[in-house]
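Chemist: Sharing target-v2.txt, compact mmCIF, C-alpha atoms:
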# COMPACT_ATOMS: atom_id res chain seq x y z
CA MET X 8 -18.40 -22.67 4.60
CA GLY X 9 -15.37 -20.36 4.58
CA ILE X 10 -14.58 -17.58 6.97
CA SER X 11 -15.64 -14.19 5.63
CA ALA X 12 -13.59 -11.01 5.48
CA THR X 13 -13.40 -8.68 8.47
CA VAL X 14 -14.30 -5.07 7.65
CA HIS X 15 -12.20 -2.34 9.25
CA THR X 16 -13.09 1.35 8.92
CA PHE X 17 -10.51 4.11 8.88
CA ALA X 18 -11.15 7.85 9.19
CA ILE X 19 -7.85 9.29 7.97
CA GLN X 20 -6.67 12.89 7.86
CA LEU X 21 -4.05 12.75 5.10
CA ALA X 22 -1.43 15.49 4.78
CA ASP X 23 1.18 14.52 2.19
CA VAL X 24 3.34 17.64 2.24
CA ASP X 25 5.82 16.10 -0.21
CA ARG X 26 3.14 15.85 -2.93
CA GLY X 27 0.78 18.64 -1.82
CA VAL X 28 -2.10 16.23 -1.13
CA TYR X 29 -4.50 17.05 1.72
CA GLU X 30 -7.59 14.89 2.09
CA GLU X 31 -10.04 13.45 4.58
CA LEU X 32 -10.48 9.78 3.74
CA GLU X 33 -13.19 7.39 4.92
CA LEU X 34 -11.99 3.88 4.07
CA ARG X 35 -13.80 0.57 4.49
CA VAL X 36 -11.13 -2.09 4.20
CA ALA X 37 -12.09 -5.75 3.96
CA ARG X 38 -9.37 -7.95 5.47
CA HIS X 39 -9.37 -11.44 3.95
CA PRO X 40 -8.97 -14.25 6.54
CA SER X 41 -5.52 -15.10 5.12
CA GLU X 42 -4.35 -11.45 5.15
CA THR X 43 -2.12 -10.41 8.04
CA LEU X 44 -2.67 -7.12 9.81
CA GLU X 45 0.85 -6.09 8.72
CA TYR X 46 -0.08 -6.60 5.07
CA MET X 47 -3.33 -4.65 5.55
CA VAL X 48 -1.49 -1.75 7.23
CA THR X 49 0.99 -1.67 4.33
CA ARG X 50 -1.90 -1.77 1.85
CA ILE X 51 -3.53 1.23 3.56
CA LEU X 52 -0.22 3.12 3.62
CA ALA X 53 0.24 2.41 -0.10
CA TYR X 54 -3.26 3.74 -0.79
CA CYS X 55 -2.59 6.94 1.16
CA LEU X 56 0.93 7.51 -0.19
CA GLN X 57 -0.29 7.04 -3.78
CA TYR X 58 -3.61 8.82 -3.24
CA GLU X 59 -5.01 10.60 -6.29
CA GLU X 60 -8.32 10.79 -8.11
CA GLY X 61 -9.43 7.33 -9.25
CA ILE X 62 -7.51 5.26 -6.67
CA VAL X 63 -9.21 2.05 -5.49
CA PHE X 64 -8.45 -1.12 -3.58
CA SER X 65 -8.62 -4.34 -5.57
CA GLU X 66 -12.17 -5.68 -5.66
CA GLY X 67 -10.94 -9.21 -4.98
CA GLY X 68 -8.71 -8.16 -2.10
CA ILE X 69 -5.69 -10.30 -1.34
CA SER X 70 -7.08 -13.19 -3.39
CA ALA X 71 -7.36 -11.21 -6.64
CA THR X 72 -5.03 -12.80 -9.17
CA ASP X 73 -5.55 -10.35 -12.05
CA GLU X 74 -5.48 -7.06 -10.12
CA PRO X 75 -2.95 -5.35 -7.85
CA ALA X 76 -3.68 -4.56 -4.20
CA VAL X 77 -4.28 -0.92 -5.15
CA GLN X 78 -4.73 0.70 -8.53
CA VAL X 79 -5.55 4.03 -10.10
CA ARG X 80 -8.08 4.15 -12.92
CA ASP X 81 -8.85 7.03 -15.24
CA LEU X 82 -12.38 8.15 -16.12
CA THR X 83 -12.62 5.48 -18.84
CA GLY X 84 -11.80 2.72 -16.33
CA ARG X 85 -8.32 2.09 -17.73
CA THR X 86 -5.67 1.27 -15.10
CA THR X 87 -3.04 4.03 -15.00
CA ALA X 88 -1.11 2.91 -11.88
CA TRP X 89 -0.45 -0.65 -10.68
CA ILE X 90 0.46 -0.71 -6.98
CA GLU X 91 1.49 -4.02 -5.42
CA VAL X 92 1.92 -4.83 -1.72
CA GLY X 93 4.13 -7.39 0.00
CA ALA X 94 6.43 -9.44 -2.23
CA PRO X 95 4.59 -10.00 -5.53
CA ASP X 96 6.25 -12.22 -8.08
CA ALA X 97 8.19 -10.68 -10.96
CA GLU X 98 5.65 -11.77 -13.57
CA ARG X 99 2.86 -9.82 -11.80
CA VAL X 100 4.97 -6.67 -11.57
CA HIS X 101 6.06 -7.05 -15.21
CA ARG X 102 2.44 -7.42 -16.39
CA GLY X 103 1.26 -4.48 -14.27
CA SER X 104 4.03 -2.19 -15.45
CA LYS X 105 3.25 -2.95 -19.09
CA LEU X 106 -0.51 -2.58 -18.56
CA ALA X 107 -0.54 0.62 -16.53
CA GLY X 108 2.67 2.33 -17.54
CA ARG X 109 3.35 3.20 -13.88
CA ALA X 110 3.93 0.68 -11.12
CA ALA X 111 5.14 0.60 -7.51
CA VAL X 112 5.67 -2.00 -4.81
CA TYR X 113 5.17 -1.36 -1.08
CA THR X 114 6.50 -3.95 1.30
CA HIS X 115 6.34 -4.75 4.98
CA ARG X 116 9.04 -7.39 4.48
CA ASP X 117 12.82 -7.18 4.34
CA PRO X 118 13.47 -5.10 1.19
CA VAL X 119 16.80 -6.86 0.53
CA LYS X 120 15.01 -10.20 0.26
CA VAL X 121 12.23 -8.73 -1.87
CA LEU X 122 14.75 -7.18 -4.28
CA ALA X 123 16.74 -10.44 -4.39
CA GLN X 124 13.72 -12.31 -5.75
CA TYR X 125 13.64 -9.96 -8.76
CA ALA X 126 17.33 -10.36 -9.66
CA GLY X 127 17.69 -11.64 -13.21
CA LYS X 128 13.92 -11.66 -13.82
CA LYS X 129 12.23 -9.88 -16.71
CA ILE X 130 10.30 -6.85 -15.39
CA HIS X 131 9.15 -4.16 -17.82
CA ASN X 132 10.81 -0.84 -16.97
CA ALA X 133 12.21 -2.24 -13.67
CA ALA X 134 14.57 0.70 -13.13
CA ALA X 135 11.56 3.06 -12.97
CA ILE X 136 9.55 0.93 -10.51
CA PRO X 137 10.12 1.97 -6.90
CA LEU X 138 10.13 -0.45 -3.98
CA TYR X 139 8.97 1.38 -0.87
CA SER X 140 9.63 -0.09 2.56
CA PHE X 141 9.06 0.95 6.15
CA ASP X 142 10.75 0.15 9.44
CA ARG X 143 9.46 -3.26 10.54
CA ALA X 144 8.85 -2.09 14.15
CA PHE X 145 6.62 0.71 12.80
CA ILE X 146 4.49 -1.75 10.80
CA ASP X 147 4.29 -4.21 13.72
CA GLU X 148 3.20 -1.49 16.16
CA ALA X 149 0.65 -0.03 13.73
CA ALA X 150 -0.79 -3.54 13.18
CA ARG X 151 -1.06 -4.01 16.94
CA LEU X 152 -3.07 -0.77 17.22
CA VAL X 153 -5.61 -1.59 14.48
CA ASP X 154 -9.18 -2.06 15.64
CA ARG X 155 -12.45 -2.51 13.74
CA ARG X 156 -13.03 1.28 13.81
CA ASN X 157 -9.95 3.46 13.49
CA SER X 158 -9.11 7.13 13.58
CA ALA X 159 -5.81 8.26 12.09
CA SER X 160 -3.85 11.24 10.94
CA LEU X 161 -1.11 10.53 8.45
CA SER X 162 1.49 13.15 7.52
CA ILE X 163 4.34 12.71 5.09
CA THR X 164 7.18 15.21 5.07
CA GLU X 165 10.60 14.72 3.46
CA SER X 166 9.95 10.95 3.12
CA VAL X 167 9.12 10.57 6.81
CA VAL X 168 5.73 9.17 7.80
CA TYR X 169 4.08 10.47 10.97
CA LEU X 170 1.10 8.33 11.92
CA ASP X 171 -1.26 8.92 14.80
CA LEU X 172 -3.42 5.78 14.97
CA ASN X 173 -6.14 5.54 17.60
CA GLY X 174 -4.27 7.98 19.87
CA THR X 175 -0.76 6.52 19.54
CA SER X 176 1.92 8.37 17.57
CA LEU X 177 4.38 6.49 15.36
CA ARG X 178 7.11 7.59 12.96
CA THR X 179 9.13 5.92 10.21
CA GLU X 180 11.21 6.81 7.20
CA ILE X 181 10.13 5.59 3.78
CA THR X 182 12.98 3.83 2.02
CA GLU X 183 12.80 3.87 -1.78
CA GLN X 184 14.85 1.65 -4.10
CA PRO X 185 14.38 0.80 -7.78
CA LEU X 186 13.49 -2.80 -8.64
CA GLY X 187 16.13 -2.96 -11.34
Could you rewrite the structure in this file as C-alpha cells?

Modeler:
Amino acid sequence: MGISATVHTFAIQLADVDRGVYEELELRVARHPSETLEYMVTRILAYCLQYEEGIVFSEGGISATDEPAVQVRDLTGRTTAWIEVGAPDAERVHRGSKLAGRAAVYTHRDPVKVLAQYAGKKIHNAAAIPLYSFDRAFIDEAARLVDRRNSASLSITESVVYLDLNGTSLRTEITEQPLG
C-alpha cells in the first residue's frame, strides 16, 4: 500500500497590485509523497500569480501526465492557460502551448539550467512563453515555514513578491525570461 498525499490548507490574502487582482483564497493543496515542499510552494505561487476565474490545480497532482500543475479553464471546460512548475520537458510545454494558446513555466530551480534544457527543442510559440523564477533562498525559507494549516498574505508590486507566511515575512523579485 502506497503512502497517501498530505493535505495542506492555505488561507491567503492575495493583493496582486501589478494585475489589479485582490482575493481571499482558501486552498486545500494535496502534496504527493514524491513532491518536495519547494515544488509545492512554487506551485502555490504560480496559482496565486496567475489567479483568474477558472484556475485549478491539476486533479492528478504531481503525477498527472496529461495535465499541467495549474491550468485555467473557461466555462465550457476548455483549457485556456497551461501553467507548468519545476522543469517540465520541452514536449510537455510544446503540447500545452498548442492546446491552451497561453503557457507559462514557474521554477524553483536554477533558471539558466531550465532554459538550457529547452535549447534547440521544438516548443510552440516559445518566445511568448515566460519562465518565472524566484530567489532560491526565498523558496527554501517559505518551504521551511509550511505547516499543515497556513495563513498567508501575498502581495505583488512591480514584480516583487512580499509573502507573510505563518507570521514570517519574506521578499523576492520575480525574474521573467522567455523560453525561446

Chemist: Between X:Leu52, X:Val77, X:Ile90, X:Leu161, which residue has the minimum interatomic distance to X:Leu21, considering only C-alpha atoms?

Modeler: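 Under the stated criterion, the closest residue is X:Leu161.
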
Chemist: Just want the 9 Å neighbourhood of X:Ala135, counted on all atoms listed in the file, with same-chain residues fewer than 2 positions away dropped. Output as a short mmCIF file (atom, residue, chain, number, x, y, z; two decimals) with C-alpha atoms, in the coordinates of the input.

Modeler:
data_model
loop_
_atom_site.label_atom_id
_atom_site.label_comp_id
_atom_site.auth_asym_id
_atom_site.auth_seq_id
_atom_site.Cartn_x
_atom_site.Cartn_y
_atom_site.Cartn_z
CA ARG X 109 3.35 3.20 -13.88
CA ALA X 110 3.93 0.68 -11.12
CA ALA X 111 5.14 0.60 -7.51
CA ASN X 132 10.81 -0.84 -16.97
CA ALA X 133 12.21 -2.24 -13.67
CA PRO X 137 10.12 1.97 -6.90
CA PRO X 185 14.38 0.80 -7.78
CA LEU X 186 13.49 -2.80 -8.64
CA GLY X 187 16.13 -2.96 -11.34
#

Chemist: To one decimal place, how far is atom CA of X:Arg143 from atom CA of X:Gly27 in Å?

Modeler: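 Rounded to one decimal, the two atoms are 26.6 Å apart.
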
Chemist: Got a sec to check which residues sit within 9 Å of (15.2, -0.4, 5.3), counting all atoms listed in the file, and write them as a list in words?

Modeler: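 It turns out the residues near that spot are Asp117, Pro118, Val119, Tyr139, Ser140, Phe141, Asp142, Arg143, Glu180, Ile181, Thr182 and Glu183 of chain X.
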
Chemist: Residues as selected, C-alpha atoms, written as a PDB file, keeping the file's coordinate frame, can you do that?

Modeler:
ATOM      1  CA  ASP X 117      12.820  -7.180   4.340  1.00  0.00           C
ATOM      2  CA  PRO X 118      13.470  -5.100   1.190  1.00  0.00           C
ATOM      3  CA  VAL X 119      16.800  -6.860   0.530  1.00  0.00           C
ATOM      4  CA  TYR X 139       8.970   1.380  -0.870  1.00  0.00           C
ATOM      5  CA  SER X 140       9.630  -0.090   2.560  1.00  0.00           C
ATOM      6  CA  PHE X 141       9.060   0.950   6.150  1.00  0.00           C
ATOM      7  CA  ASP X 142      10.750   0.150   9.440  1.00  0.00           C
ATOM      8  CA  ARG X 143       9.460  -3.260  10.540  1.00  0.00           C
ATOM      9  CA  GLU X 180      11.210   6.810   7.200  1.00  0.00           C
ATOM     10  CA  ILE X 181      10.130   5.590   3.780  1.00  0.00           C
ATOM     11  CA  THR X 182      12.980   3.830   2.020  1.00  0.00           C
ATOM     12  CA  GLU X 183      12.800   3.870  -1.780  1.00  0.00           C
TER      13      GLU X 183
END

Chemist: Out of X:Gly108, X:Glu98, X:Gln57, X:Asp154, which residue has the shortest atom-to-atom distance to X:Asp73 when counting only C-alpha atoms?

Modeler: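 Comparing X:Gly108, X:Glu98, X:Gln57, X:Asp154 against X:Asp73, the winner is X:Glu98.
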
Chemist: Nearest to X:His115 among X:Asp171, X:Glu30, X:Glu45, X:Glu59, with distances taken over only C-alpha atoms: which residue is it?

Modeler: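 Residue with the minimum atom-to-atom distance to X:His115: X:Glu45.
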
Chemist: Using only C-alpha atoms, pick whichever of X:Leu122, X:Cys55, X:Leu82, X:Val153 has the shortest atom-to-atom distance to X:Thr16.

Modeler: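 Closest to X:Thr16 of all the choices is X:Val153.
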
Chemist: Kindly give the distance, in Å, that separates atom CA of X:Val14 and atom CA of X:Tyr169, rounded to a single decimal.

Modeler: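 These two atoms are separated by 24.3 Å.
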
Chemist: Give the answer as one residue: which of X:Thr49, X:Thr164, X:Ser41, X:Ser11 has the shortest atom-to-atom distance to X:Thr114, using only C-alpha atoms?

Modeler: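 Checking each of X:Thr49, X:Thr164, X:Ser41, X:Ser11 against X:Thr114, counting only C-alpha atoms, the winner is X:Thr49.
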
Chemist: Here is a test: counting all atoms listed in the file, which residue of X:Gly84, X:Leu152, X:Gln124, X:Thr72 is nearest to X:Gly103?

Modeler: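 Comparing X:Gly84, X:Leu152, X:Gln124, X:Thr72 against X:Gly103, the winner is X:Thr72.
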
Chemist: What separation in Å, quoted to one decimal, exists between atom CA of X:Gln20 and atom CA of X:Thr86?

Modeler: 25.8 Å

Chemist: Which residues come within 8 Å of X:Tyr46, counting all atoms listed in the file, excluding same-chain residues fewer than 2 positions away, as an mmCIF file with C-alpha atoms, in the coordinates of the input?

Modeler:
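And here is the file that came out, selection19.cif:
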data_model
loop_
_atom_site.group_PDB
_atom_site.id
_atom_site.type_symbol
_atom_site.label_atom_id
_atom_site.label_comp_id
_atom_site.auth_asym_id
_atom_site.auth_seq_id
_atom_site.Cartn_x
_atom_site.Cartn_y
_atom_site.Cartn_z
ATOM 1 C CA GLU X 42 -4.350 -11.450 5.150
ATOM 2 C CA THR X 43 -2.120 -10.410 8.040
ATOM 3 C CA LEU X 44 -2.670 -7.120 9.810
ATOM 4 C CA VAL X 48 -1.490 -1.750 7.230
ATOM 5 C CA THR X 49 0.990 -1.670 4.330
ATOM 6 C CA ARG X 50 -1.900 -1.770 1.850
ATOM 7 C CA VAL X 92 1.920 -4.830 -1.720
ATOM 8 C CA GLY X 93 4.130 -7.390 0.000
ATOM 9 C CA HIS X 115 6.340 -4.750 4.980
#

Chemist: If we count all atoms listed in the file, what is near X:Ile130 at a cut-off of 9 Å, once residues fewer than 6 positions away on the same chain are taken out, given as an NGL selection string?

Modeler: :X and (97-102 or 104-105 or 186-187)
